[in-house]
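Data from model07.txt: compact mmCIF, C-alpha atoms
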```txt
# COMPACT_ATOMS: atom_id res chain seq x y z
CA MET A 182 39.73 -57.04 0.45
CA VAL A 183 40.29 -54.89 -2.61
CA LEU A 184 36.58 -54.10 -2.79
CA GLY A 185 36.64 -53.04 0.86
CA LEU A 186 39.52 -50.63 0.25
CA VAL A 187 37.73 -49.16 -2.75
CA ALA A 188 34.52 -48.72 -0.75
CA ARG A 189 36.45 -47.07 2.08
CA ALA A 190 38.12 -44.67 -0.39
CA LEU A 191 34.80 -43.75 -1.97
CA ARG A 192 33.00 -43.19 1.35
CA PRO A 193 34.00 -39.47 1.64
CA LEU A 194 32.74 -38.89 -1.91
CA ALA A 195 29.43 -40.52 -1.00
CA VAL A 196 29.09 -38.25 2.03
CA VAL A 197 29.86 -35.19 -0.06
CA GLY A 198 27.44 -36.33 -2.75
CA GLY A 199 24.70 -36.84 -0.17
CA ALA A 200 25.27 -33.35 1.22
CA VAL A 201 25.11 -31.85 -2.27
CA ALA A 202 21.89 -33.73 -3.01
CA LEU A 203 20.37 -32.51 0.26
CA ALA A 204 21.37 -28.93 -0.51
CA VAL A 205 19.88 -29.15 -3.97
CA ALA A 206 16.67 -30.59 -2.55
CA LEU A 207 16.38 -27.83 0.06
CA PHE A 208 17.53 -24.80 -1.87
CA GLY A 209 16.28 -25.93 -5.26
CA ALA A 210 12.73 -26.02 -3.91
CA ARG A 211 12.86 -22.51 -2.47
CA PRO A 212 11.80 -20.59 -5.62
CA ALA A 213 8.61 -22.65 -5.97
CA PHE A 214 7.83 -22.28 -2.27
CA ALA A 215 8.45 -18.51 -2.38
CA GLN A 216 6.31 -18.15 -5.49
CA ARG A 217 3.46 -20.08 -3.87
CA ALA A 218 3.66 -17.81 -0.82
CA THR A 219 3.60 -14.83 -3.17
CA THR A 220 0.48 -16.17 -4.85
CA ASP A 221 -1.26 -16.82 -1.53
CA GLY A 222 -0.53 -13.27 -0.39
CA ALA A 223 -1.74 -11.83 -3.68
CA LEU A 224 -4.99 -13.84 -3.46
CA ALA A 225 -5.54 -12.39 0.02
CA ARG A 226 -5.19 -8.89 -1.48
CA ALA A 227 -7.61 -9.89 -4.28
CA ARG A 228 -10.19 -10.91 -1.68
CA GLU A 229 -9.77 -7.54 0.05
CA ALA A 230 -10.04 -5.67 -3.27
CA LEU A 231 -13.31 -7.42 -4.15
CA GLN A 232 -14.76 -6.80 -0.69
CA GLN A 233 -13.76 -3.14 -0.84
CA ALA A 234 -15.30 -2.80 -4.31
CA GLN A 235 -18.56 -4.23 -2.92
CA ARG A 236 -18.53 -1.76 -0.02
CA ASP A 237 -17.87 1.12 -2.41
CA GLY A 238 -20.69 0.03 -4.72
CA ALA A 239 -18.37 -0.54 -7.69
CA VAL A 240 -19.25 -4.25 -7.75
CA PRO A 241 -22.81 -5.46 -6.99
CA VAL A 242 -23.34 -7.93 -4.15
CA ASP A 243 -26.40 -10.13 -4.69
CA VAL A 244 -25.72 -11.30 -8.24
CA PHE A 245 -24.70 -14.54 -9.94
CA VAL A 246 -21.00 -14.68 -10.74
CA LEU A 247 -19.16 -16.70 -13.36
CA LEU A 248 -15.50 -17.53 -12.74
CA VAL A 249 -14.33 -17.33 -16.33
CA SER A 250 -10.59 -17.82 -15.87
CA ALA A 251 -8.25 -18.96 -13.08
CA ARG A 252 -5.08 -19.74 -14.99
CA PRO A 253 -1.93 -20.79 -13.11
CA ALA A 254 1.39 -19.30 -14.17
CA PHE A 255 3.61 -22.22 -13.13
CA ALA A 256 3.61 -25.97 -13.50
CA ASP A 257 3.94 -26.34 -9.73
CA THR A 258 0.68 -24.42 -9.15
CA ARG A 259 -1.32 -26.00 -11.96
CA ALA A 260 -3.24 -28.25 -9.59
CA SER A 261 -3.61 -25.92 -6.60
CA TYR A 262 -4.15 -22.44 -8.03
CA PRO A 263 -7.59 -22.83 -9.70
CA ALA A 264 -9.08 -24.14 -6.45
CA ALA A 265 -7.45 -21.37 -4.41
CA ALA A 266 -8.75 -18.70 -6.83
CA ALA A 267 -12.25 -20.20 -6.76
CA ALA A 268 -12.19 -20.18 -2.95
CA VAL A 269 -11.51 -16.42 -2.98
CA VAL A 270 -14.49 -15.72 -5.24
CA VAL A 271 -16.75 -18.00 -3.18
CA ASP A 272 -15.67 -16.28 0.05
CA VAL A 273 -16.67 -12.89 -1.36
CA PHE A 274 -19.91 -13.71 -3.22
CA GLY A 275 -21.11 -16.92 -1.56
CA ALA A 276 -21.13 -20.49 -2.84
CA ARG A 277 -24.71 -20.34 -4.17
CA GLN A 278 -23.96 -17.33 -6.37
CA VAL A 279 -20.76 -18.55 -8.01
CA ARG A 280 -20.37 -20.86 -10.99
CA ALA A 281 -17.07 -22.00 -12.48
CA CYS A 282 -16.91 -22.07 -16.26
CA ASP A 283 -14.78 -25.16 -16.90
CA ALA A 284 -15.37 -24.89 -20.64
CA CYS A 285 -13.99 -21.33 -20.57
CA MET A 286 -10.68 -22.52 -19.11
CA ASN A 287 -10.10 -25.45 -21.49
CA PRO A 288 -9.52 -25.70 -25.25
CA ARG A 289 -12.80 -25.81 -27.14
CA LEU A 290 -14.05 -27.67 -30.20
CA VAL A 291 -16.11 -25.08 -32.09
CA GLU A 292 -18.36 -25.74 -35.09
CA GLY A 293 -17.91 -23.07 -37.74
CA PRO A 294 -18.89 -22.45 -41.38
CA ARG A 295 -15.83 -24.40 -42.55
CA GLY A 296 -16.25 -27.30 -40.16
CA LEU A 297 -14.92 -28.01 -36.69
CA ARG A 298 -12.25 -25.76 -35.20
CA TYR A 299 -10.03 -26.43 -32.18
CA ASP A 300 -10.03 -23.07 -30.36
CA THR A 301 -7.52 -22.12 -27.64
CA GLY A 302 -7.74 -18.33 -27.97
CA GLU A 303 -9.27 -15.69 -25.74
CA LEU A 304 -13.01 -15.76 -25.22
CA THR A 305 -15.30 -12.95 -26.28
CA LEU A 306 -18.23 -11.94 -24.07
CA THR A 307 -20.53 -13.62 -26.57
CA ASP A 308 -18.58 -16.85 -26.12
CA VAL A 309 -18.75 -16.54 -22.32
CA LEU A 310 -22.51 -15.98 -22.34
CA ALA A 311 -23.04 -18.90 -24.73
CA LEU A 312 -20.95 -21.26 -22.61
CA ASP A 313 -22.74 -20.14 -19.45
CA ALA A 314 -26.15 -20.66 -21.08
CA ALA A 315 -25.17 -24.16 -22.20
CA ALA A 316 -23.96 -25.18 -18.76
CA ARG A 317 -26.35 -23.52 -16.31
CA GLY A 318 -29.58 -25.25 -17.31
CA SER A 319 -32.56 -23.51 -15.72
CA ALA A 320 -30.44 -21.42 -13.32
CA PRO A 321 -30.36 -17.63 -13.77
CA GLY A 322 -27.67 -16.25 -16.04
CA ALA A 323 -24.50 -14.81 -14.55
CA ARG A 324 -24.29 -11.04 -14.36
CA LEU A 325 -20.59 -10.74 -13.52
CA GLY A 326 -17.60 -12.43 -15.10
CA ILE A 327 -14.39 -12.71 -13.10
CA TRP A 328 -10.92 -13.35 -14.48
CA LEU A 329 -8.44 -14.14 -11.68
CA ASP A 330 -5.18 -15.35 -13.21
CA GLU A 331 -1.84 -16.04 -11.58
CA THR A 332 1.19 -14.00 -12.68
CA PRO A 333 4.88 -14.26 -11.74
CA ALA A 334 4.49 -11.34 -9.30
CA GLY A 335 0.98 -12.02 -7.95
CA VAL A 336 -2.46 -12.21 -9.54
CA ALA A 337 -4.35 -10.26 -12.22
CA LEU A 338 -7.98 -9.50 -11.33
CA ARG A 339 -10.67 -8.36 -13.78
CA VAL A 340 -14.42 -8.01 -13.13
CA VAL A 341 -16.72 -7.43 -16.12
CA ASP A 342 -20.46 -6.79 -16.33
CA LEU A 343 -21.56 -9.54 -18.72
CA GLY A 344 -24.72 -7.65 -19.64
CA THR A 345 -23.10 -4.42 -20.79
CA GLY A 346 -19.48 -5.41 -21.23
CA GLY A 347 -18.47 -2.70 -18.75
CA LEU A 348 -15.19 -3.13 -16.89
CA LEU A 349 -15.98 -2.78 -13.18
CA LEU A 350 -12.61 -3.59 -11.63
CA ALA A 351 -9.11 -4.27 -12.98
CA ARG A 352 -6.11 -4.72 -10.71
CA HIS A 353 -2.74 -6.40 -10.62
CA LEU A 354 -2.22 -7.40 -7.02
CA GLU A 355 0.90 -8.34 -5.09
CA PRO A 356 1.26 -9.38 -1.43
CA GLY A 357 2.71 -6.01 -0.40
CA LEU A 358 0.88 -3.91 -3.03
CA SER A 359 4.23 -2.33 -3.92
CA THR A 360 3.15 -1.54 -7.50
CA LEU A 361 -0.05 0.08 -6.24
CA GLN A 362 1.92 2.13 -3.71
CA ARG A 363 4.33 3.35 -6.40
CA SER A 364 1.44 4.24 -8.69
CA ALA A 365 -0.40 6.11 -5.93
CA ARG A 366 2.53 8.50 -5.51
CA HIS A 367 2.14 9.84 -9.05
CA VAL A 368 -0.62 12.13 -10.23
CA THR A 369 -0.66 14.54 -13.14
CA VAL A 370 -0.81 18.30 -12.76
CA THR A 371 -4.21 18.29 -14.50
CA GLU A 372 -5.64 15.81 -11.99
CA ASP A 373 -4.28 17.86 -9.11
CA ILE A 374 -5.83 21.09 -10.43
CA GLN A 375 -9.18 19.41 -11.09
CA ARG A 376 -9.18 17.96 -7.58
CA ARG A 377 -8.61 21.42 -6.10
CA LEU A 378 -11.29 23.01 -8.29
CA ARG A 379 -13.75 20.44 -6.94
CA GLY A 380 -12.75 21.43 -3.42
CA ASP A 381 -11.32 18.01 -2.65
CA SER A 382 -8.24 17.78 -0.45
CA LEU A 383 -5.62 15.26 0.55
CA THR A 384 -5.19 16.15 4.20
CA HIS A 385 -2.73 14.70 6.71
CA VAL A 386 -2.63 15.05 10.49
CA HIS A 387 0.75 14.59 12.15
CA TRP A 388 1.54 14.57 15.86
CA ASN A 389 5.22 15.31 16.48
CA LEU A 390 6.59 14.25 19.87
CA GLY A 391 10.21 15.30 20.40
CA LEU A 392 11.51 13.64 23.55
CA TYR A 393 15.29 13.97 24.05
CA PRO A 394 17.36 15.99 24.74
CA GLY A 395 15.03 18.84 23.84
CA GLN A 396 11.24 18.53 23.95
CA HIS A 397 8.83 19.51 21.21
CA VAL A 398 5.14 18.63 21.05
CA GLY A 399 3.18 19.83 18.05
CA LEU A 400 0.28 19.13 15.72
CA GLU A 401 0.42 19.62 11.95
CA LEU A 402 -2.54 19.87 9.57
CA LEU A 403 -1.04 19.38 6.12
CA ASP A 404 -2.29 19.37 2.53
CA GLN A 405 -0.61 17.06 0.01
CA PHE A 406 0.01 18.51 -3.45
CA GLY A 407 2.40 18.65 -6.38
CA PRO A 408 2.72 16.76 -9.70
CA GLU A 409 3.93 13.64 -7.86
CA ARG A 410 2.26 14.47 -4.54
CA ARG A 411 5.59 14.79 -2.73
CA GLU A 412 4.84 18.15 -1.14
CA LEU A 413 3.14 18.67 2.25
CA ALA A 414 2.34 22.12 3.63
CA GLY A 415 -0.05 23.56 6.16
CA LEU A 416 -0.72 24.76 9.67
CA SER A 417 1.53 23.95 12.64
CA LEU A 418 0.33 24.20 16.24
CA THR A 419 2.65 23.56 19.16
CA LEU A 420 1.92 22.74 22.79
CA LEU A 421 5.50 22.73 23.99
CA ASN A 422 8.74 24.33 22.76
CA PRO A 423 7.44 26.81 21.91
CA LEU A 424 4.51 26.98 24.28
CA ALA A 425 1.13 27.75 22.63
CA GLY A 426 2.69 28.39 19.21
CA VAL A 427 1.10 28.78 15.82
CA GLY A 428 2.79 28.89 12.42
CA GLY A 429 3.38 27.06 9.16
CA ALA A 430 5.11 23.82 8.16
CA TYR A 431 6.43 22.41 4.88
CA HIS A 432 7.80 18.96 4.03
CA HIS A 433 9.18 17.33 0.90
CA VAL A 434 8.97 13.53 0.67
CA PHE A 435 11.79 11.51 -0.93
CA PRO A 436 10.34 8.12 -2.00
CA GLU A 437 13.74 6.96 -3.25
CA ALA A 438 15.16 7.39 0.29
CA TRP A 439 12.69 5.26 2.31
CA ASN A 440 10.01 7.99 2.05
CA VAL A 441 11.89 10.29 4.42
CA ALA A 442 10.30 13.76 4.72
CA ILE A 443 12.61 16.76 5.14
CA GLY A 444 10.93 19.99 6.16
CA ALA A 445 10.88 23.22 8.11
CA LYS A 446 8.62 25.11 10.50
CA VAL A 447 8.32 28.75 11.44
CA ILE A 448 6.31 29.16 14.64
CA VAL A 449 5.22 32.20 16.63
CA GLY A 450 5.06 31.48 20.37
CA ILE A 451 2.28 33.58 21.91
CA PRO A 452 3.61 33.60 25.54
CA GLY A 453 7.17 34.20 24.28
CA LEU A 454 5.99 37.10 22.14
CA VAL A 455 4.14 38.65 25.09
CA ILE A 456 7.12 38.33 27.44
CA GLU A 457 9.56 39.71 24.87
CA THR A 458 7.25 42.70 24.33
CA ILE A 459 7.15 43.32 28.09
CA ASN A 460 10.96 43.09 28.25
CA ASP A 461 11.28 45.69 25.50
CA GLN A 462 8.92 48.06 27.29
CA THR A 463 10.48 47.64 30.75
CA GLY A 464 14.10 47.29 29.69
CA SER A 465 14.32 43.90 31.35
CA ASP A 466 16.54 41.11 30.01
CA ALA A 467 14.68 38.16 31.56
CA ASP A 468 15.13 35.01 29.49
CA PHE A 469 12.33 32.42 29.62
CA THR A 470 13.11 30.65 26.36
CA ALA A 471 14.20 27.51 28.22
CA PHE A 472 10.64 27.15 29.55
CA ILE A 473 8.30 28.64 26.98
CA GLY A 474 10.42 29.20 23.86
CA GLY A 475 11.06 32.43 22.02
CA PRO A 476 8.74 34.80 20.18
CA VAL A 477 9.71 33.10 16.91
CA THR A 478 11.11 29.61 16.44
CA ALA A 479 12.67 28.44 13.16
CA MET A 480 12.99 24.67 12.99
CA ALA A 481 14.28 22.04 10.54
CA THR A 482 12.64 18.61 10.79
CA ALA A 483 13.02 15.08 9.45
CA GLN A 484 10.56 12.18 9.55
CA LEU A 485 11.56 8.63 8.66
CA PRO A 486 8.56 6.25 8.44
CA ILE A 487 8.89 2.99 10.37
CA PHE A 488 8.23 0.34 7.69
CA ASP A 489 4.56 0.43 6.57
CA THR A 490 3.16 1.68 9.88
CA ASN A 491 1.68 5.09 10.78
CA TYR A 492 4.68 5.91 12.93
CA ALA A 493 7.95 7.64 12.07
CA VAL A 494 11.22 8.56 13.71
CA PHE A 495 11.15 12.33 14.26
CA ALA A 496 14.17 14.63 14.60
CA PHE A 497 14.31 18.41 14.90
CA ALA A 498 16.84 21.22 15.24
CA GLY A 499 15.83 24.84 15.72
CA LEU A 500 16.60 28.31 17.02
CA HIS A 501 14.51 30.50 19.32
CA LEU A 502 14.72 34.03 17.93
CA PRO A 503 15.83 36.73 18.57
CA ARG A 504 18.10 35.20 21.25
CA PHE A 505 19.34 32.39 18.98
CA SER A 506 18.81 29.80 21.69
CA PRO A 507 19.25 26.33 20.10
CA THR A 508 16.91 23.40 20.56
CA VAL A 509 17.44 19.86 19.24
CA GLY A 510 15.89 16.47 19.89
CA VAL A 511 14.57 13.19 18.56
CA GLY A 512 11.33 11.34 19.15
CA VAL A 513 8.40 9.89 17.23
CA SER A 514 5.70 11.15 14.86
CA LEU A 515 2.18 9.77 14.70
CA LEU A 516 1.03 9.95 11.07
CA ASN A 517 -2.72 10.16 10.45
CA VAL A 518 -3.71 8.37 13.62
CA HIS A 519 -6.30 9.10 16.29
CA VAL A 520 -5.57 11.58 19.05
CA LEU A 521 -5.17 8.51 21.28
CA PRO A 522 -3.61 5.93 18.93
CA ILE A 523 -4.14 3.09 21.40
CA LEU A 524 -7.91 3.38 20.89
CA PRO A 525 -9.60 1.79 17.83
```
Hey, can you dump this file as structure tokens for me?
Amino acid sequence: MVLGLVARALRPLAVVGGAVALAVALFGARPAFAQRATTDGALARAREALQQAQRDGAVPVDVFVLLVSARPAFADTRASYPAAAAAVVVDVFGARQVRACDACMNPRLVEGPRGLRYDTGELTLTDVLALDAAARGSAPGARLGIWLDETPAGVALRVVDLGTGGLLLARHLEPGLSTLQRSARHVTVTEDIQRRLRGDSLTHVHWNLGLYPGQHVGLELLDQFGPERRELAGLSLTLLNPLAGVGGAYHHVFPEAWNVAIGAKVIVGIPGLVIETINDQTGSDADFTAFIGGPVTAMATAQLPIFDTNYAVFAFAGLHLPRFSPTVGVGVSLLNVHVLPILP
């Protein structure tokens, strides 16, 4: 009877303990699961980087490849990561052209002038070539060596020409390529000047579609420049509000504020200019700005990109001069897309 009372008193503690154990099992496993998903996404980016390097000619296609290193970064991925990394290399180069250097990834017993040495350090290219020659038999020697190691944030990829020692590709890859995106926003003044002297340009095409309450439809042809490439400036053409307008546009991008672009336009409306000239000559005071806009329109704009897509929320506020007629509205911007974005 006493044991029954004790068991009944301890039953709530057992329930609580079971709940705590379940929570630990569920939430304690989340970091490993998230890290594995991070690694899988980074390997997908590594596959894309290798395929793009082949298309660009930076990495040869029909060559024998040696997977020198596929080191996991965590105990939980020790068994799965080397196979996943090898699968990426095989997908890109083909199974018949890829060899895995097991001896390269394990500690080695090396015979030296002072006897045997247990070596766990980094391999030199001479070591890699020697290990490949010892393992391949009569097969052709590998031309490329690939290091594809796991890191806490993704994977580190390195492709080396084993014949010359030249570094063909080196990237640290993450699922969202956030590091690459941050790096791409920065360029030195020297690089920018050299690019312009070569005649190269970083050109953007924006379609601005203001929808409500005021309408504004325009096309911008912009050049990207500046030490950190945050400036956009160029030609602005409008189809509506003002009608058949031509002018200039400028934007400054703020990466620290979700890449929002704040800018301005000054546009000359050809029909509005003609009508205003006729009014001056005839003494008329007819106002057609509600339909075609004024002779000159000054406009402030804002574009907020929608996540990582080529679309942005577009807002504008302007004045039709010389009558100071206001115009405001919101809509969407199509950033560097086709004229008909629904087509491939």
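Distances to Tyr431 (chain A) were evaluated for A:Leu400, A:Leu413, A:Leu338, A:Leu500 using only C-alpha atoms, and the minimum falls at A:Leu413.
Excluding Asp221 (chain A) and any residue on its chain fewer than 5 positions from it, the residues at most 12 Å away by all atoms listed in the file are Phe214, Ala215, Gln216, Arg226, Ala227, Arg228, Thr258, Ser261, Tyr262, Pro263, Ala264, Ala265, Ala266, Ala268, Val269, Glu331, Thr332, Ala334, Gly335, Val336, Leu354, Glu355, Pro356 and Gly357 of chain A.
Nearest-residue note for Ala254 (chain A): choosing from A:Gly450, A:Gly395, A:Pro333, A:Gly426, the minimum distance belongs to A:Pro333, counting all atoms listed in the file.
For region 452-458 of chain A, the residues within 9 Å (counting all atoms listed in the file, excluding itself and residues fewer than 6 positions away along the chain) are Pro423, Leu424, Ala425, Gly426, Asp466, Ala467, Asp468, Phe469, Thr470, Ile473, Gly474, Gly475, Pro476 and Val477 of chain A.
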Length of the CA of Gln232 (chain A) to CA of Tyr492 (chain A) vector [Å]
26.9 Å
